[in-house]
There are 2 protein chains.
Amino acid sequence: MHGTDTAPARALLVDPRSGLADVHDLAQRLRTDAIRCSTTAGSGHPTSGMSAADIMAVLMTRHLRYDWRDPDAPGNDHLIFSKGHASPLLYAMFKAAGVISDDELVHTYRRPGSRLQGHPTPVLPWVDAATGALGQGIGIGVGIALAGRLRHRNHARPQVWILCGDSEMAEGSVWEALDTAGRYDLGELTVIVDVNRLGQRGPTALQWDLHAYVKRVEAFGCTAIPVDGHDLAELDTALDTARRGGRPTVVLARTRKGRGVAEIEDLPGWHGKALPDDLAERAVTELGAPADVRVSGLEPAGPRQDGKSTLPIGRADVRVPEFARGDEVAVRKAFGEALLALQVRPEVVVVDAEVGNSTYTDAFAKACPERFFESFIAEQQMVATAVGLSVSGFKPFAATFAAFFSRAYDFVRMAAITGADLALCGTHCGVEIGEDGPSQMGLEDLAMMRAVHGSTVLYPSDATSAAALTVTMAGLPGISYLRATRGAYPVLYDPGERFPIGGSRTLHANDGDQVALLAAGVTVHECLKAREILAAEGIGARILDLYSVKPLDAEAVARAAADTGRIVVVEDHHPEGGLGEAVLSALAECGVAPEFGHLAVRSMPDSRAAGEQLEAAGISAAHIVTLARQLASGR
Amino acid sequence: MHGTDTAPARALLVDPRSGLADVHDLAQRLRTDAIRCSTTAGSGHPTSGMSAADIMAVLMTRHLRYDWRDPDAPGNDHLIFSKGHASPLLYAMFKAAGVISDDELVHTYRRPGSRLQGHPTPVLPWVDAATGALGQGIGIGVGIALAGRLRHRNHARPQVWILCGDSEMAEGSVWEALDTAGRYDLGELTVIVDVNRLGQRGPTALQWDLHAYVKRVEAFGCTAIPVDGHDLAELDTALDTARRGGRPTVVLARTRKGRGVAEIEDLPGWHGKALPDDLAERAVTELGAPADVRVSGLEPAGPRQDGKSTLPIGRADVRVPEFARGDEVAVRKAFGEALLALQVRPEVVVVDAEVGNSTYTDAFAKACPERFFESFIAEQQMVATAVGLSVSGFKPFAATFAAFFSRAYDFVRMAAITGADLALCGTHCGVEIGEDGPSQMGLEDLAMMRAVHGSTVLYPSDATSAAALTVTMAGLPGISYLRATRGAYPVLYDPGERFPIGGSRTLHANDGDQVALLAAGVTVHECLKAREILAAEGIGARILDLYSVKPLDAEAVARAAADTGRIVVVEDHHPEGGLGEAVLSALAECGVAPEFGHLAVRSMPDSRAAGEQLEAAGISAAHIVTLARQLASGR
């Protein structure tokens, strides 16, 4: 039954002038469709949608200003299902809006190749960001709202509506997001929490204690409105108040999971379960077998002329900062200077986690304060803000210590699913940071960032390449990551030299080289020192600067291997998942099998100066010489 | 000057009966020593300690019950510097307690091989957990307090004191921790926030708005006490109230960074900077060139006989759950059953992030509710609780979806520095999860967990090996990670078979095998299917089950490579940092270079059934057959 449409041929039309009885019919239809598509698929979360159906029915008929035929219209409001598992409800709304057919909804949901996936992604034009990892929706919404302020300075700003589950309010990232919303006083942000009191495995911590939520929301600088989430009039008033109030608002809606079907309503054991056929049939009957509903919706608030063409995409030439060969300049400093030069591109925006004086984003912040967003020490929100800015057409750079991107890994992973274009810069990588010790050392970041789908991972050895790559990142799609060493090292390249993604630089190569030293970042400098010592011993060493860790210059690596027969990779990173394994993958792909040595950080560092750290970790020039000598002499 | 001790030979003795004037002298001496050691080292954060010196002087003389000669005494209070960068203050306290010498403090701080590292680690016997990644101290303290409740049921419980910076209050993890403290009503937890209003790069978001902090703390279920952090009497009363109040308490201390030295006090630009020699000299003079101080401290509250011998370490035999070959059982189910069997070991405790019905920790939770801790959807706190339990002598298992461990990566990374023994289980790994789609798929977890220092990474293919490995994990040091497939697959091994760490299982091997198929987890089953098809074509395929991804059985891999000359690795993970690269590293180490093929998840998955996912990702039996056939035929 559920697979076929029981509704009459003519759909009920609900528009902003309709009465709440019609809105109720819409809600019942949304529930019905959520049940139908998940039961047909045999999986999904109908009950988590049923609790929020009344909220969404009120929202989409009376508050959401959205041109469903033109999802890119700049005046459109935004709707983010932070509780992405409630996708059956979201897709039922799309059907009610007339943008997907009943057939697509019921017969493709969760099927191979369908855009109606288990959790929403921007494969669908009405979805801003992928959700499904909980606690991310508000943070991304904050980024979208901040983007709106840049884009709609003189116009009414679109509202950003976010539907959250109550379980996800336990994620600390939610409070980072509300803190940020409060600080920026984002009146265009309205969060609606579907407090259905039941999580995946049982009751939530706070259950229906709306008062506890109210206190938290208000303490974090937002307005809280507790409501009965099944009282349409109360919801209508709350959403109206939220929109007009001019303050970031969280509507706390007390609801019942599985609402409308007695056999499952407010009962545990129904999370993430499609109803069996017979129960689905009884459920649709109990819901009144409601007629199909068509929602006309409200026109976007923003003026039409503020369209896509005004998206802030600049083509201005960027004056790449120049550095003199031999001068000692930190890569992070070059990153900061390049960022400053990128200010001529109006789409470039910068986010930092309260370390701008270390990442050198502070120059950009000073020059373009309106395009700089301080996240304070909240790395999850830093990345979430960047995602929101990216999906709104901006090109965000986000910077903090390499080690602390580990705090935001789930957000980076999800950003790849969203298809966001993020330029991340992790400074203070490796043991090279010196005295601060292991807590501040990024020693897992190459592994972490390489494993992100479609990522680009860059690790320049000098200021010239760092500046060039930073400027390149401003035009790169997907997640790109620049690994930046703390200390100052000699500039190796002349201004104007090119550093294409997927390329490498061969610093020394002679016929008869007996070994190739492959490195990136700080260890390039150690290889240069090692080369001189080896040369004095009559051992010729080729040096490759593999500044593009992903994609790697497999051809150059294979050529070096074929020419010399011996490869030594040296990296300031744990041995797993970093440059060494990237090189091994490239060699395997090319079918070249040189002798291979791999120097990486295999012990737990302590506090000591940078040079002493490299020595203690076994990645200094001395260790390179020893290993290269061994290999060259056949051990 | 600062390198030599200006104090008179006889130190001032401060004990609980001393007046506040003596406590003030102690505070001034702590400031002096924080300046001296960092100036001698040439780096460090003296100003971040100077703001909290009065707090710590009051704490260590009048409230901290701690036998400095016996840091393992079970009745000892705990003191965690969540603001780990204030280590000069902490180490100055150790000197005042008489457990390190002035010489060690001033001349080894931040030096090679010194235990006085830039940020504290448990290399020092008075330090419970490594800090320095901000926002972690309260969460770990919550775990220590929960451990105290298990260990000290009938006795006075040690107090857990945590010093936080105000910048770190922006981390969401802080609110996950306070939420948990409030829910368990941990009266033995006292947090002191050093609200010095200045972060690394400038003012914090809330500066000295103590009222804003009070509202947040109270909203999260804890008691807040705002105080003047330089008024010793007020601090004394607050700490007394906090300890006696029986509720988790946050003392919000308004302080001035660099307190006591006019040239730097409350001024920006002095974060993380050692004072230059001349300024250090003037500073010590301004602080009164205070005499050396010796603190006798307070005796621990807990009874002596409740000593180490009563630590809950069990030696009881664990009855490993048994499964019949051929039965279809999910690895996560076997994990849950093994966990249940581990209840006979009293040191085993379990934490879960509200998905116990998916990770199958729910059986343990039901059987041993007092040893199960529900973290709700707060993965950072889940790992922090586990760390606190581990450093208190328990053996925590922590489980959630593999994808969501990415949320807690910074905590896992720091746990390795702490030297915590954590057994982590990530279920629902890879595309195999099916219809739920990419947001729920752990496709980066092998890379992430392999890159953790000293980690063990396990990925069993069947219930028998999963159960055996889970029991083994209960005795493993360091961070161990079990990757658990969602679906049910045939049991491959007989009960009682052994699965040593670093081992592998060769499932099929014959003379004349032309290719070796290397896999772990679900792809082992695909390899078994592929083998049959290849056998029908006359191609002999050896199959290795590499259930121990780290350490990897390099010998077996090298032997398979040498015997067959062709290796195909198949993994349900992104190609970077996973099983394929682990195999390449092992081959490189052994100097064996077979032909190599690598099947991994290279595209962005959507929603479809598990088998269809493997097919679409190119890691199914059909793809294995095609690649193996190509390799065997010389392409």
# chains A, B, ... in the order shown; residues from 1 in each chain; ligands from 1

$ residues_around --residues "A:Val214" --least-positions-apart "3" --cutoff "6 Å" --atoms "only C-alpha atoms" --output "PyMOL selection string"
chain A and resi 211+217+224

$ interface_residues --of "chain A" --to "chain B" --cutoff "6 Å" --atoms "only C-alpha atoms" --output "PyMOL selection string"
chain A and resi 110-112+117-118+132-133+170-173+175-176+201+215-216+219+355+357+377-378+406-407+409-410+435-437+439+444+447-448+451+576-577+581+593+607-608

$ residues_around --residues "stretch 159-161 of chain B" --least-positions-apart "2" --cutoff "7 Å" --atoms "only C-alpha atoms" --output "PyMOL selection string"
chain B and resi 77-80+141+145+157+163+188-191

$ write_last_selection --atoms "N, CA, C and O atoms" --output "mmCIF file, in the first residue's frame"
data_model
loop_
_atom_site.group_PDB
_atom_site.id
_atom_site.type_symbol
_atom_site.label_atom_id
_atom_site.label_comp_id
_atom_site.auth_asym_id
_atom_site.auth_seq_id
_atom_site.Cartn_x
_atom_site.Cartn_y
_atom_site.Cartn_z
ATOM 1 N N ASP B 77 44.115 13.899 46.758
ATOM 2 C CA ASP B 77 43.350 14.705 45.807
ATOM 3 C C ASP B 77 44.064 14.697 44.452
ATOM 4 O O ASP B 77 45.206 14.228 44.342
ATOM 5 N N HIS B 78 43.381 15.215 43.451
ATOM 6 C CA HIS B 78 43.996 15.351 42.126
ATOM 7 C C HIS B 78 44.034 16.823 41.743
ATOM 8 O O HIS B 78 43.120 17.570 42.096
ATOM 9 N N LEU B 79 45.071 17.184 41.030
ATOM 10 C CA LEU B 79 45.177 18.556 40.537
ATOM 11 C C LEU B 79 45.549 18.503 39.060
ATOM 12 O O LEU B 79 46.593 17.958 38.691
ATOM 13 N N ILE B 80 44.666 19.021 38.234
ATOM 14 C CA ILE B 80 44.899 18.998 36.786
ATOM 15 C C ILE B 80 45.021 20.428 36.286
ATOM 16 O O ILE B 80 44.107 21.242 36.486
ATOM 17 N N GLY B 141 39.042 15.172 34.345
ATOM 18 C CA GLY B 141 38.734 15.218 35.775
ATOM 19 C C GLY B 141 37.417 14.524 36.095
ATOM 20 O O GLY B 141 37.290 13.855 37.127
ATOM 21 N N ALA B 145 36.988 11.541 38.697
ATOM 22 C CA ALA B 145 35.986 11.576 39.777
ATOM 23 C C ALA B 145 35.080 10.338 39.705
ATOM 24 O O ALA B 145 34.745 9.742 40.731
ATOM 25 N N ARG B 157 35.885 10.668 49.439
ATOM 26 C CA ARG B 157 36.461 10.643 48.099
ATOM 27 C C ARG B 157 37.446 11.782 47.917
ATOM 28 O O ARG B 157 37.179 12.900 48.347
ATOM 29 N N LEU B 163 42.427 23.438 37.176
ATOM 30 C CA LEU B 163 42.661 24.848 36.842
ATOM 31 C C LEU B 163 42.506 25.048 35.342
ATOM 32 O O LEU B 163 43.206 24.422 34.539
ATOM 33 N N GLU B 188 32.780 16.094 44.161
ATOM 34 C CA GLU B 188 34.237 16.032 44.354
ATOM 35 C C GLU B 188 34.978 16.745 43.239
ATOM 36 O O GLU B 188 36.212 16.717 43.196
ATOM 37 N N LEU B 189 34.253 17.404 42.343
ATOM 38 C CA LEU B 189 34.901 18.105 41.233
ATOM 39 C C LEU B 189 34.845 19.622 41.471
ATOM 40 O O LEU B 189 33.770 20.201 41.606
ATOM 41 N N THR B 190 35.997 20.231 41.530
ATOM 42 C CA THR B 190 36.050 21.692 41.615
ATOM 43 C C THR B 190 36.911 22.234 40.491
ATOM 44 O O THR B 190 38.094 21.914 40.385
ATOM 45 N N VAL B 191 36.299 23.038 39.656
ATOM 46 C CA VAL B 191 37.007 23.697 38.565
ATOM 47 C C VAL B 191 37.286 25.132 39.003
ATOM 48 O O VAL B 191 36.424 25.783 39.593
#

$ residues_around --residues "B:Ala558" --least-positions-apart "2" --cutoff "8 Å" --atoms "only C-alpha atoms" --output "list in words"
Ala554, Glu555, Ala556, Ala560, Ala561, Ala562, Ala586, Leu587, Cys590 and Val592 of chain B

$ select_by_dssp --residues "stretch 149-181 of chain A" --states "strand (DSSP E or B)" --output "PyMOL selection string"
chain A and resi 160-165

$ write_last_selection --atoms "all heavy atoms" --output "tab-separated table (two decimals), in the first residue's frame"
chain	number	residue	atom	x	y	z
A	160	VAL	N	18.01	31.96	8.35
A	160	VAL	CA	18.60	30.62	8.36
A	160	VAL	C	17.88	29.80	9.42
A	160	VAL	O	17.98	30.10	10.61
A	160	VAL	CB	20.12	30.68	8.65
A	160	VAL	CG1	20.73	29.29	8.57
A	160	VAL	CG2	20.82	31.64	7.69
A	161	TRP	N	17.13	28.80	8.97
A	161	TRP	CA	16.35	27.95	9.88
A	161	TRP	C	17.08	26.62	10.04
A	161	TRP	O	17.48	26.01	9.04
A	161	TRP	CB	14.96	27.69	9.30
A	161	TRP	CG	14.18	28.91	8.92
A	161	TRP	CD1	14.14	29.51	7.70
A	161	TRP	CD2	13.31	29.67	9.76
A	161	TRP	NE1	13.30	30.59	7.71
A	161	TRP	CE2	12.77	30.72	8.97
A	161	TRP	CE3	12.93	29.58	11.11
A	161	TRP	CZ2	11.88	31.67	9.49
A	161	TRP	CZ3	12.03	30.51	11.62
A	161	TRP	CH2	11.52	31.54	10.80
A	162	ILE	N	17.22	26.17	11.24
A	162	ILE	CA	17.94	24.93	11.49
A	162	ILE	C	17.10	24.03	12.39
A	162	ILE	O	16.68	24.44	13.47
A	162	ILE	CB	19.30	25.22	12.17
A	162	ILE	CG1	20.15	26.08	11.25
A	162	ILE	CG2	20.03	23.92	12.50
A	162	ILE	CD1	21.07	27.02	11.98
A	163	LEU	N	16.85	22.82	11.92
A	163	LEU	CA	16.13	21.85	12.73
A	163	LEU	C	17.14	20.91	13.40
A	163	LEU	O	17.92	20.23	12.72
A	163	LEU	CB	15.17	21.03	11.87
A	163	LEU	CG	14.38	19.95	12.64
A	163	LEU	CD1	13.39	20.57	13.61
A	163	LEU	CD2	13.69	18.98	11.68
A	164	CYS	N	17.11	20.90	14.73
A	164	CYS	CA	18.01	20.02	15.49
A	164	CYS	C	17.22	18.95	16.22
A	164	CYS	O	16.06	19.16	16.58
A	164	CYS	CB	18.76	20.83	16.56
A	164	CYS	SG	20.01	21.91	15.90
A	165	GLY	N	17.87	17.86	16.48
A	165	GLY	CA	17.33	16.89	17.43
A	165	GLY	C	17.76	17.27	18.83
A	165	GLY	O	18.65	18.11	19.02

$ closest_residue --among "B:Gly148, B:Gly503, B:Gly258, B:Gly98" --to "B:Ala34" --atoms "only C-alpha atoms"
B:Gly258

$ atom_distance --atom1 "atom CA of A:Leu20" --atom2 "atom CA of A:Trp208"
25.3 Å

$ residues_around --residues "A:Gln28" --least-positions-apart "6" --cutoff "8 Å" --atoms "only C-alpha atoms" --output "ChimeraX atom specification"
/A:53,260,287-288,290

$ select_by_dssp --residues "stretch 466-517 of chain B" --states "helix (DSSP H, G or I)" --output "number ranges by chain"
B: 466-473

$ write_last_selection --atoms "N, CA, C and O atoms" --output "mmCIF file, in the first residue's frame"
data_model
loop_
_atom_site.group_PDB
_atom_site.id
_atom_site.type_symbol
_atom_site.label_atom_id
_atom_site.label_comp_id
_atom_site.auth_asym_id
_atom_site.auth_seq_id
_atom_site.Cartn_x
_atom_site.Cartn_y
_atom_site.Cartn_z
ATOM 1 N N ALA B 466 37.013 -11.490 16.470
ATOM 2 C CA ALA B 466 36.599 -10.251 17.134
ATOM 3 C C ALA B 466 36.502 -10.455 18.638
ATOM 4 O O ALA B 466 36.971 -9.621 19.433
ATOM 5 N N ALA B 467 35.913 -11.550 19.048
ATOM 6 C CA ALA B 467 35.773 -11.822 20.479
ATOM 7 C C ALA B 467 37.138 -12.031 21.116
ATOM 8 O O ALA B 467 37.432 -11.473 22.189
ATOM 9 N N ALA B 468 37.981 -12.792 20.454
ATOM 10 C CA ALA B 468 39.314 -13.050 21.010
ATOM 11 C C ALA B 468 40.104 -11.748 21.135
ATOM 12 O O ALA B 468 40.765 -11.491 22.149
ATOM 13 N N LEU B 469 40.035 -10.909 20.100
ATOM 14 C CA LEU B 469 40.794 -9.653 20.119
ATOM 15 C C LEU B 469 40.244 -8.680 21.159
ATOM 16 O O LEU B 469 40.994 -7.943 21.796
ATOM 17 N N THR B 470 38.943 -8.674 21.348
ATOM 18 C CA THR B 470 38.353 -7.801 22.367
ATOM 19 C C THR B 470 38.885 -8.181 23.745
ATOM 20 O O THR B 470 39.256 -7.301 24.544
ATOM 21 N N VAL B 471 38.944 -9.463 24.010
ATOM 22 C CA VAL B 471 39.466 -9.908 25.310
ATOM 23 C C VAL B 471 40.946 -9.549 25.423
ATOM 24 O O VAL B 471 41.402 -9.087 26.474
ATOM 25 N N THR B 472 41.677 -9.706 24.332
ATOM 26 C CA THR B 472 43.100 -9.331 24.342
ATOM 27 C C THR B 472 43.266 -7.841 24.647
ATOM 28 O O THR B 472 44.166 -7.435 25.380
ATOM 29 N N MET B 473 42.385 -7.018 24.062
ATOM 30 C CA MET B 473 42.479 -5.564 24.263
ATOM 31 C C MET B 473 42.404 -5.175 25.738
ATOM 32 O O MET B 473 42.954 -4.153 26.144
#

$ atom_distance --atom1 "atom CA of B:Ser18" --atom2 "atom CA of B:Val250"
25.7 Å

$ atom_distance --atom1 "atom CA of B:His45" --atom2 "atom CA of B:Lys273"
5.7 Å

$ residues_around --residues "A:Gly19" --least-positions-apart "6" --cutoff "12 Å" --atoms "only C-alpha atoms" --output "PDB file with N, CA and C atoms, in the first residue's frame"
ATOM      1  N   LEU A  13      -4.108  22.540  -1.807  1.00  0.00           N
ATOM      2  CA  LEU A  13      -3.114  23.615  -1.909  1.00  0.00           C
ATOM      3  C   LEU A  13      -3.056  24.386  -0.595  1.00  0.00           C
ATOM      4  N   ASP A  25      -3.304  19.320   7.953  1.00  0.00           N
ATOM      5  CA  ASP A  25      -3.384  18.293   6.903  1.00  0.00           C
ATOM      6  C   ASP A  25      -2.028  18.091   6.246  1.00  0.00           C
ATOM      7  N   LEU A  26      -1.328  19.192   6.036  1.00  0.00           N
ATOM      8  CA  LEU A  26       0.026  19.088   5.467  1.00  0.00           C
ATOM      9  C   LEU A  26       0.916  18.257   6.386  1.00  0.00           C
ATOM     10  N   ALA A  57       5.563  21.863   8.938  1.00  0.00           N
ATOM     11  CA  ALA A  57       4.362  22.276   8.196  1.00  0.00           C
ATOM     12  C   ALA A  57       4.101  23.769   8.417  1.00  0.00           C
ATOM     13  N   VAL A  58       4.248  24.207   9.653  1.00  0.00           N
ATOM     14  CA  VAL A  58       4.067  25.635   9.940  1.00  0.00           C
ATOM     15  C   VAL A  58       5.169  26.448   9.263  1.00  0.00           C
ATOM     16  N   THR A  61       4.863  26.655   5.267  1.00  0.00           N
ATOM     17  CA  THR A  61       3.712  27.370   4.711  1.00  0.00           C
ATOM     18  C   THR A  61       3.699  28.845   5.093  1.00  0.00           C
ATOM     19  N   ARG A  62       4.282  29.207   6.232  1.00  0.00           N
ATOM     20  CA  ARG A  62       4.069  30.552   6.754  1.00  0.00           C
ATOM     21  C   ARG A  62       5.320  31.367   7.050  1.00  0.00           C
ATOM     22  N   LEU A 232      -0.029  24.035  16.588  1.00  0.00           N
ATOM     23  CA  LEU A 232       0.314  24.783  15.383  1.00  0.00           C
ATOM     24  C   LEU A 232       0.284  26.288  15.614  1.00  0.00           C
ATOM     25  N   ALA A 233      -0.676  26.759  16.376  1.00  0.00           N
ATOM     26  CA  ALA A 233      -0.787  28.196  16.607  1.00  0.00           C
ATOM     27  C   ALA A 233       0.398  28.695  17.424  1.00  0.00           C
ATOM     28  N   ASP A 236       3.381  28.769  15.249  1.00  0.00           N
ATOM     29  CA  ASP A 236       3.293  29.880  14.303  1.00  0.00           C
ATOM     30  C   ASP A 236       3.760  31.174  14.967  1.00  0.00           C
TER      31      ASP A 236
END

$ residues_around --residues "A:Arg319" --least-positions-apart "6" --cutoff "10 Å" --atoms "only C-alpha atoms" --output "MDAnalysis selection string"
chainID A and resid 338 340:342 344 468 471

$ closest_residue --among "A:Gly49, A:Gly512, A:Gly521, A:Pro500" --to "A:Thr485" --atoms "only C-alpha atoms"
A:Gly521
